[in-house]
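Written out below as structure tokens is the structure these notes cover.
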Amino acid sequence: MPQGWGMDAPLAAELSYYTLFLLFGLAAIALLTFALARTSLPVSLRAAAAAAARRPMVTAAIVAVVLTLGGRVLAREALDDGVLSDDEHVYGFIAQTLRTGALIAPSPGTDLQFFVEQFVVVTDKVRYGKYPIGFPLLLLAGQALGFERAVVPVLTGLIALLLAWVGRKQFSPTVVVVALILFALSPQVLLTGATLLSQPAAAVCLLGAAGCLLESVKGGRRDAAWTAGAGACLAYGILVRPLPGVLFAAVAIAWVLAAPRLGSGRALSPRAWMALLVPLAVAPAVLLWTNYVQTGHPLHSGYQTIHGDAVVLHSTLAPTALSLASSLVRLNFWLFGWPLSLLFCLFARRTAATLLFWGMFAAEIGYRLIAPKAGIGIVGPVYFYEVVPLLCLLSADGMAQLVRRGAGDGEPGPAGRSDLMAAAVLSAVIVNLSLFLPCKLGDAARAGQSGQVVFRALKEKDVHHALVFHRGVVPPATGLSWAYYPRPNGPRLDDDVLFVVMQPQPDRIASNVEFWKRRFPDRQAWVFNWDAETGPTLVPLLAFLSSLAPPAPLEHPTGP
């Protein structure tokens with residue numbers, strides 16, 4: 001699948017793949033279900049699920065460990081510890097800046113055209129990344145401990161524990177166990193867990209808030225403590241991802257107001273309301289303060305500085321419709337790696353808790369409409385990641401309701417129907433592991449490894465204390481990655497290898513040498529170049545520039 005293109009709409013190749021996978025995937029699931037239903041496997045699966053359901057939190061702990069280790073192994077072995085998008089580089093740079101005790105890094109002062117970096121604001125006074133500080137604060141802890149790449153895998157494992165904690169408040173242990181298995185096998189969860197993307201951190205905040213909200217409406221003397229927990233989780237979620245975070249908070253407040261009418265609990269006390277709302281007021285204040293320090297104006301963010309003021313509500317109908325459609329189409333395959341992944345959600349029970357879950361799903365839809373773009377699809381519908389754990393619970397409950405349909409309250413349903421459901425789910429999992437996940441893992445591996453080409457070249461040539469000129473390290477024309485550029489230089493510009501932008505204009509070729517000799521005379525100067533004919537190359541700057549010089553004119557012979 002080509003990568004690096006299609007920010008506003010899915011590519012034709014992607015839609016073609018989904019169409020073929022829908023047809024052949026459904027055929028494979030139907031035939032496998034017919035075959036497996038006549039074996040003893042469904043009975044064995046039901047027995048294993050029942051055994052795991054006796055200790056759902058132990059099962060959750062096992063899933064958490066597997067996901068944490070799996071994410072780290074995928075990052076190292078498949079992605080070569082590379083990134084899939086330039087955004088991941090910027091999160092790391094912001095974390096490095098925060099480690100210096102500041103929200104901004106010093107500016108290089110002059111020669112700013114050489115220090116242009118993707119999604120990093122560079123002026124003659126400051127440098128800073130465009131994103132808020134919530135997720136980089138977590139990366140800061142990982143950097144300090146020397147395990148930055150373990151942060152997202154650990155967060156993914158934590159999501160599994162929170163999923164079980166939230167699920168036990170509303171669903172049976174068996175439903176919780178099935179939801180955990182679905183979560184662990186989700187291609188979106190597995191691949192995102194190997195990245196440095198911020199969505200898993202936002203999902204942790206959302207699940208923590210949901211669990212606290214479900215407890216708070218039960219009443220009792222601890223309702224203020226639970227609402228304080230919900231407020232803190234939602235507030236930190238705003239610092240991680242502001243726009244969906246604000247929408248999640250709005251849904252939470254609306255649900256708490258409606259809870260007494262839904263028969264799910266009592267109205268909150270004034271003290272509990274204060275405990276919920278005060279943290280939600282602090283988070284925007286932190287964002288405004290960050291904006292002021294970075295841009296000089298509390299209402300102007302780094303994101304606006306990079307992309308302009310019209311960052312939301314600026315689109316026409318077609319891009320807005322494509323934004324929502326592309327995310328839902330991707331979610332319908334990436335959620336579990338089989339066609340019609342959203343189908344079972346529709347059969348979940350209608351309760352106050354599931355209404356909260358669907359409300360958060362609606363908030364994600366609102367996010368796609370307010371800030372429309374198809375986005376990066378290499379790890380799935382990334383802008384719906386936060387609600388994936390909730391969709392796993394809804395799907396597992398929907399499966400249970402289909403099995404119990406027609407049975408009395410509390411009855412498990414016919415054994416034959418249970419066996420058929422177990423055979424169908426197992427068939428769908430086989431289709432995911434054979435026809436979907438390997439293809440998507442291959443795309444991610446190519447993307448991550450392509451971003452490491454420049455570093456492998458530096459290692460092979462034993463280059464240290466160097467200046468590397470570039471015009472991007474993975475050209476979009478290759479269709480390999482969404483990470484076109486190298487990581488940003490450190491806040492103090494003291495990295496072993498510094499990356500600067502090559503000035504390729506014919507009238508500015510000499511300025512590259514002049515810049516090197518004047519600003520970094522003690523460093524080696526190299527050029528990393530990747531073109532269609534020669535592929536990636538790393539050569540000394542002077543040798544590269546001499547190859548660009550036009551050949552000397554031929555001298556005509558003289559004399560007889």
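So you can find residues: chains in the structure tokens are A, B, ... in the order shown, residues in each start at 1, and ligands are numbered from 1 in order.
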So that I can see what lies close to Asn529 (chain A), please list as a PDB file with all heavy atoms, in the first residue's frame the residues with an atom at most 8 Å from it, counting only C-alpha atoms and leaving out residues fewer than 5 positions away in the same chain.
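Below you can see selection_12.pdb, which holds the result:
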```
ATOM      1  N   HIS A 470      20.378  17.744   3.908  1.00  0.00           N
ATOM      2  CA  HIS A 470      19.349  16.860   3.348  1.00  0.00           C
ATOM      3  C   HIS A 470      18.241  17.692   2.722  1.00  0.00           C
ATOM      4  O   HIS A 470      18.111  18.894   2.963  1.00  0.00           O
ATOM      5  CB  HIS A 470      18.746  15.977   4.448  1.00  0.00           C
ATOM      6  CG  HIS A 470      17.870  16.751   5.402  1.00  0.00           C
ATOM      7  ND1 HIS A 470      16.520  16.907   5.222  1.00  0.00           N
ATOM      8  CD2 HIS A 470      18.185  17.465   6.516  1.00  0.00           C
ATOM      9  CE1 HIS A 470      16.025  17.651   6.192  1.00  0.00           C
ATOM     10  NE2 HIS A 470      16.999  18.009   6.990  1.00  0.00           N
ATOM     11  N   ARG A 471      17.429  17.028   1.927  1.00  0.00           N
ATOM     12  CA  ARG A 471      16.175  17.586   1.423  1.00  0.00           C
ATOM     13  C   ARG A 471      15.040  16.620   1.735  1.00  0.00           C
ATOM     14  O   ARG A 471      14.093  16.464   0.973  1.00  0.00           O
ATOM     15  CB  ARG A 471      16.281  17.827  -0.089  1.00  0.00           C
ATOM     16  CG  ARG A 471      17.197  18.981  -0.464  1.00  0.00           C
ATOM     17  CD  ARG A 471      17.345  19.132  -1.963  1.00  0.00           C
ATOM     18  NE  ARG A 471      18.108  18.028  -2.530  1.00  0.00           N
ATOM     19  CZ  ARG A 471      18.331  17.868  -3.831  1.00  0.00           C
ATOM     20  NH1 ARG A 471      17.829  18.736  -4.692  1.00  0.00           N
ATOM     21  NH2 ARG A 471      19.050  16.855  -4.279  1.00  0.00           N
ATOM     22  N   GLY A 472      15.138  15.988   2.892  1.00  0.00           N
ATOM     23  CA  GLY A 472      14.232  14.924   3.286  1.00  0.00           C
ATOM     24  C   GLY A 472      14.961  13.600   3.253  1.00  0.00           C
ATOM     25  O   GLY A 472      15.854  13.392   2.429  1.00  0.00           O
ATOM     26  N   VAL A 473      14.600  12.695   4.153  1.00  0.00           N
ATOM     27  CA  VAL A 473      15.296  11.405   4.220  1.00  0.00           C
ATOM     28  C   VAL A 473      14.487  10.271   3.597  1.00  0.00           C
ATOM     29  O   VAL A 473      15.035   9.213   3.299  1.00  0.00           O
ATOM     30  CB  VAL A 473      15.670  11.058   5.676  1.00  0.00           C
ATOM     31  CG1 VAL A 473      16.692  12.043   6.216  1.00  0.00           C
ATOM     32  CG2 VAL A 473      14.442  11.016   6.578  1.00  0.00           C
ATOM     33  N   GLY A 535      19.010   5.995  -5.685  1.00  0.00           N
ATOM     34  CA  GLY A 535      18.587   5.551  -4.364  1.00  0.00           C
ATOM     35  C   GLY A 535      19.237   6.393  -3.284  1.00  0.00           C
ATOM     36  O   GLY A 535      19.775   7.469  -3.543  1.00  0.00           O
ATOM     37  N   PRO A 536      19.236   5.928  -2.039  1.00  0.00           N
ATOM     38  CA  PRO A 536      19.822   6.710  -0.944  1.00  0.00           C
ATOM     39  C   PRO A 536      21.347   6.684  -0.979  1.00  0.00           C
ATOM     40  O   PRO A 536      21.960   5.624  -1.144  1.00  0.00           O
ATOM     41  CB  PRO A 536      19.287   6.019   0.316  1.00  0.00           C
ATOM     42  CG  PRO A 536      18.971   4.625  -0.117  1.00  0.00           C
ATOM     43  CD  PRO A 536      18.584   4.698  -1.559  1.00  0.00           C
ATOM     44  N   THR A 537      21.948   7.851  -0.845  1.00  0.00           N
ATOM     45  CA  THR A 537      23.411   7.948  -0.813  1.00  0.00           C
ATOM     46  C   THR A 537      23.829   8.928   0.274  1.00  0.00           C
ATOM     47  O   THR A 537      23.123   9.894   0.554  1.00  0.00           O
ATOM     48  CB  THR A 537      23.975   8.429  -2.158  1.00  0.00           C
ATOM     49  OG1 THR A 537      23.384   9.696  -2.492  1.00  0.00           O
ATOM     50  CG2 THR A 537      23.680   7.433  -3.266  1.00  0.00           C
ATOM     51  N   LEU A 538      24.995   8.683   0.854  1.00  0.00           N
ATOM     52  CA  LEU A 538      25.590   9.583   1.842  1.00  0.00           C
ATOM     53  C   LEU A 538      27.013   9.874   1.388  1.00  0.00           C
ATOM     54  O   LEU A 538      27.860   8.967   1.361  1.00  0.00           O
ATOM     55  CB  LEU A 538      25.590   8.937   3.235  1.00  0.00           C
ATOM     56  CG  LEU A 538      26.193   9.767   4.362  1.00  0.00           C
ATOM     57  CD1 LEU A 538      25.319  10.986   4.671  1.00  0.00           C
ATOM     58  CD2 LEU A 538      26.368   8.924   5.623  1.00  0.00           C
TER      59      LEU A 538
END
```
Original post:
Could you name the residues that touch Val425 (chain A) at 10 Å or less, counting only C-alpha atoms, but leaving out those on the same chain fewer than 3 positions away, as a list in words?
Top reply: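 Counting only the stated atoms, we get Ile29, Thr33, Pro42, Leu182, Trp338, Met399, Asp419, Leu420, Met421, Ala422, Ala428, Val429, Ile430 and Val431 of chain A.
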Write to file, as a tab-separated table (two decimals), in the first residue's frame, the residues of the selection just made, with N, CA and C atoms.
```tsv
chain	number	residue	atom	x	y	z
A	29	ILE	N	-14.53	-16.37	5.88
A	29	ILE	CA	-15.14	-16.52	7.20
A	29	ILE	C	-16.33	-17.47	7.15
A	33	THR	N	-16.29	-20.97	9.08
A	33	THR	CA	-17.28	-21.17	10.13
A	33	THR	C	-18.04	-22.48	9.90
A	42	PRO	N	-14.92	-25.16	18.82
A	42	PRO	CA	-15.80	-24.21	19.50
A	42	PRO	C	-16.04	-24.55	20.96
A	182	LEU	N	-10.35	-9.55	21.93
A	182	LEU	CA	-10.55	-8.71	20.74
A	182	LEU	C	-9.57	-7.55	20.72
A	338	TRP	N	-11.04	-7.93	10.42
A	338	TRP	CA	-11.91	-8.70	9.55
A	338	TRP	C	-13.01	-7.79	8.99
A	399	MET	N	-21.98	-9.80	20.87
A	399	MET	CA	-21.89	-11.24	20.62
A	399	MET	C	-22.70	-12.02	21.65
A	419	ASP	N	-21.69	-22.33	20.12
A	419	ASP	CA	-20.64	-22.96	19.32
A	419	ASP	C	-20.51	-22.28	17.97
A	420	LEU	N	-21.64	-21.90	17.37
A	420	LEU	CA	-21.59	-21.24	16.08
A	420	LEU	C	-20.92	-19.87	16.20
A	421	MET	N	-21.23	-19.13	17.27
A	421	MET	CA	-20.58	-17.84	17.47
A	421	MET	C	-19.09	-18.03	17.69
A	422	ALA	N	-18.68	-19.02	18.49
A	422	ALA	CA	-17.26	-19.28	18.72
A	422	ALA	C	-16.56	-19.64	17.42
A	428	ALA	N	-13.00	-15.53	11.87
A	428	ALA	CA	-12.65	-14.14	11.61
A	428	ALA	C	-11.24	-13.83	12.07
A	429	VAL	N	-10.85	-14.39	13.21
A	429	VAL	CA	-9.48	-14.19	13.72
A	429	VAL	C	-8.47	-14.81	12.75
A	430	ILE	N	-8.77	-15.99	12.22
A	430	ILE	CA	-7.86	-16.62	11.25
A	430	ILE	C	-7.72	-15.75	10.01
A	431	VAL	N	-8.82	-15.15	9.55
A	431	VAL	CA	-8.77	-14.27	8.39
A	431	VAL	C	-7.90	-13.05	8.70
```
Original post:
Excluding same-chain residues fewer than 5 positions from Ile133 (chain A), what lies within 9 Å of it counting only C-alpha atoms, as a list in words?
Top reply: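 Result of the neighbour search: Tyr91, Ile94, Ala95, Leu98, Leu103, Leu138, Leu239, Val240, Leu287 and Thr290 of chain A.
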Written selection (all heavy atoms) as a CSV table (one decimal), in the first residue's frame:
```csv
chain,number,residue,atom,x,y,z
A,91,TYR,N,7.1,14.8,18.9
A,91,TYR,CA,6.8,14.5,20.3
A,91,TYR,C,8.1,14.3,21.1
A,91,TYR,O,8.2,14.8,22.2
A,91,TYR,CB,5.9,13.3,20.4
A,91,TYR,CG,4.5,13.5,20.0
A,91,TYR,CD1,3.9,12.6,19.1
A,91,TYR,CD2,3.7,14.5,20.6
A,91,TYR,CE1,2.6,12.8,18.7
A,91,TYR,CE2,2.4,14.6,20.2
A,91,TYR,CZ,1.8,13.8,19.2
A,91,TYR,OH,0.5,13.9,18.9
A,94,ILE,N,9.8,17.7,21.7
A,94,ILE,CA,9.1,18.5,22.8
A,94,ILE,C,9.5,17.9,24.2
A,94,ILE,O,9.8,18.6,25.1
A,94,ILE,CB,7.6,18.4,22.6
A,94,ILE,CG1,7.2,19.1,21.3
A,94,ILE,CG2,6.9,19.1,23.8
A,94,ILE,CD1,5.8,19.0,20.9
A,95,ALA,N,9.6,16.6,24.3
A,95,ALA,CA,10.0,15.9,25.5
A,95,ALA,C,11.5,16.3,25.9
A,95,ALA,O,11.8,16.6,27.0
A,95,ALA,CB,9.9,14.4,25.4
A,98,LEU,N,11.3,19.8,27.2
A,98,LEU,CA,10.8,19.9,28.6
A,98,LEU,C,11.9,19.4,29.6
A,98,LEU,O,11.9,19.9,30.7
A,98,LEU,CB,9.6,19.0,28.7
A,98,LEU,CG,8.3,19.5,27.9
A,98,LEU,CD1,7.2,18.5,28.0
A,98,LEU,CD2,7.9,20.8,28.5
A,103,LEU,N,9.7,25.4,28.1
A,103,LEU,CA,8.7,25.1,27.1
A,103,LEU,C,9.2,25.4,25.7
A,103,LEU,O,8.6,25.1,24.7
A,103,LEU,CB,7.4,25.9,27.3
A,103,LEU,CG,6.6,25.4,28.6
A,103,LEU,CD1,5.5,26.4,28.8
A,103,LEU,CD2,6.1,24.0,28.4
A,138,LEU,N,5.0,12.3,29.2
A,138,LEU,CA,5.2,10.9,29.5
A,138,LEU,C,6.5,10.4,28.8
A,138,LEU,O,7.2,9.6,29.3
A,138,LEU,CB,4.0,10.1,28.9
A,138,LEU,CG,2.6,10.5,29.5
A,138,LEU,CD1,1.5,9.7,28.9
A,138,LEU,CD2,2.6,10.3,31.0
A,239,LEU,N,-4.8,17.9,27.7
A,239,LEU,CA,-3.4,18.3,27.5
A,239,LEU,C,-2.7,17.4,26.5
A,239,LEU,O,-1.8,17.7,25.9
A,239,LEU,CB,-2.7,18.2,28.8
A,239,LEU,CG,-3.1,19.3,29.9
A,239,LEU,CD1,-2.2,19.1,31.1
A,239,LEU,CD2,-3.0,20.7,29.3
A,240,VAL,N,-3.2,16.1,26.4
A,240,VAL,CA,-2.7,15.2,25.4
A,240,VAL,C,-3.2,15.5,24.0
A,240,VAL,O,-2.4,15.6,23.0
A,240,VAL,CB,-3.0,13.7,25.8
A,240,VAL,CG1,-2.5,12.8,24.7
A,240,VAL,CG2,-2.3,13.4,27.1
A,287,LEU,N,-3.0,25.1,28.8
A,287,LEU,CA,-2.8,25.3,27.4
A,287,LEU,C,-2.6,26.7,27.0
A,287,LEU,O,-1.7,27.1,26.2
A,287,LEU,CB,-4.0,24.7,26.6
A,287,LEU,CG,-4.2,23.2,26.6
A,287,LEU,CD1,-5.5,22.8,25.9
A,287,LEU,CD2,-3.0,22.5,25.9
A,290,THR,N,0.9,27.8,28.1
A,290,THR,CA,1.9,27.3,27.1
A,290,THR,C,1.9,28.1,25.8
A,290,THR,O,3.0,28.4,25.3
A,290,THR,CB,1.5,25.8,26.8
A,290,THR,OG1,1.5,25.0,28.0
A,290,THR,CG2,2.6,25.2,25.9
```
Subject >> Which of region 361-500 of chain A fall in strand (DSSP E or B), as a list in words >> reply: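 Matching residues for strand (DSSP E or B) in region 361-500 of chain A are Ile378, Gly380, Ala466, Leu467, Val468, Phe469, His470, Trp482, Val497, Leu498, Phe499 and Val500 of chain A.
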Subject >> Long-range neighbours of Val73 (chain A) as a list in words, 12 Å cut-off, only C-alpha atoms, 4 positions minimum in chain >> reply: Val66, Leu67, Thr68, Leu69, Glu77, Ala78, Leu79, Asp80, Asp81, Arg149, Ala150, Pro153, Leu190, Leu191, Gly193, Ala194 and Thr195 of chain A
May I have a table of the residues of region 222-262 of chain A lying at most 12 Å from region 383-389 of chain A, giving each one's closest pair of atoms and their distance in Å to one decimal, counting only C-alpha atoms, ordered by chain and ascending residue number, as CSV?
```
residue,atom,partner,partner_atom,distance
A:Gly237,CA,A:Glu386,CA,10.2
A:Val240,CA,A:Glu386,CA,11.6
A:Arg241,CA,A:Tyr383,CA,10.3
A:Leu243,CA,A:Tyr383,CA,10.9
A:Pro244,CA,A:Tyr383,CA,8.8
A:Gly245,CA,A:Glu386,CA,9.9
A:Phe248,CA,A:Glu386,CA,10.1
```
Original post:
Near Pro372 (chain A), within 6 Å and counting only C-alpha atoms, which residues show up once chain neighbours fewer than 4 positions away are dropped, as a ChimeraX atom specification?
Top reply: /A:320,323,368
Tell me, as an mmCIF file with C-alpha atoms, in the first residue's frame, which residues lie within 8 Å of Ala249 (chain A), counting only C-alpha atoms; anything in the same chain fewer than 3 positions away does not count.
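Written out: out.cif:
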```cif
data_model
loop_
_atom_site.group_PDB
_atom_site.id
_atom_site.type_symbol
_atom_site.label_atom_id
_atom_site.label_comp_id
_atom_site.auth_asym_id
_atom_site.auth_seq_id
_atom_site.Cartn_x
_atom_site.Cartn_y
_atom_site.Cartn_z
ATOM 1 C CA LEU A 234 -10.346 14.207 31.289
ATOM 2 C CA GLY A 245 -10.358 15.817 24.788
ATOM 3 C CA VAL A 246 -12.730 18.780 25.051
ATOM 4 C CA ALA A 252 -19.030 13.224 30.230
ATOM 5 C CA ILE A 253 -20.759 16.281 31.697
ATOM 6 C CA LEU A 280 -11.427 20.690 33.632
#
```
Subject >> Shell around Ala164 (chain A) at 8 Å using only C-alpha atoms, local window under 5 positions removed, as a list in words >> reply: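 Here the answer would be Pro56, Met57, Ala60, Val176, Val177 and Leu180 of chain A.
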Subject >> alpha helix (DSSP H) positions in region 7-201 of chain A, given as a ChimeraX atom specification >> reply: /A:12-36,41-53,56-73,86-99,134-145,151-167,173-185,187-192,199-201
Subject >> One-decimal distance in Å that lies between CA of Leu155 (chain A) and CA of Ala201 (chain A) >> reply: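 Atom-to-atom, CA of Ala201 (chain A) to CA of Leu155 (chain A), that is 6.4 Å.
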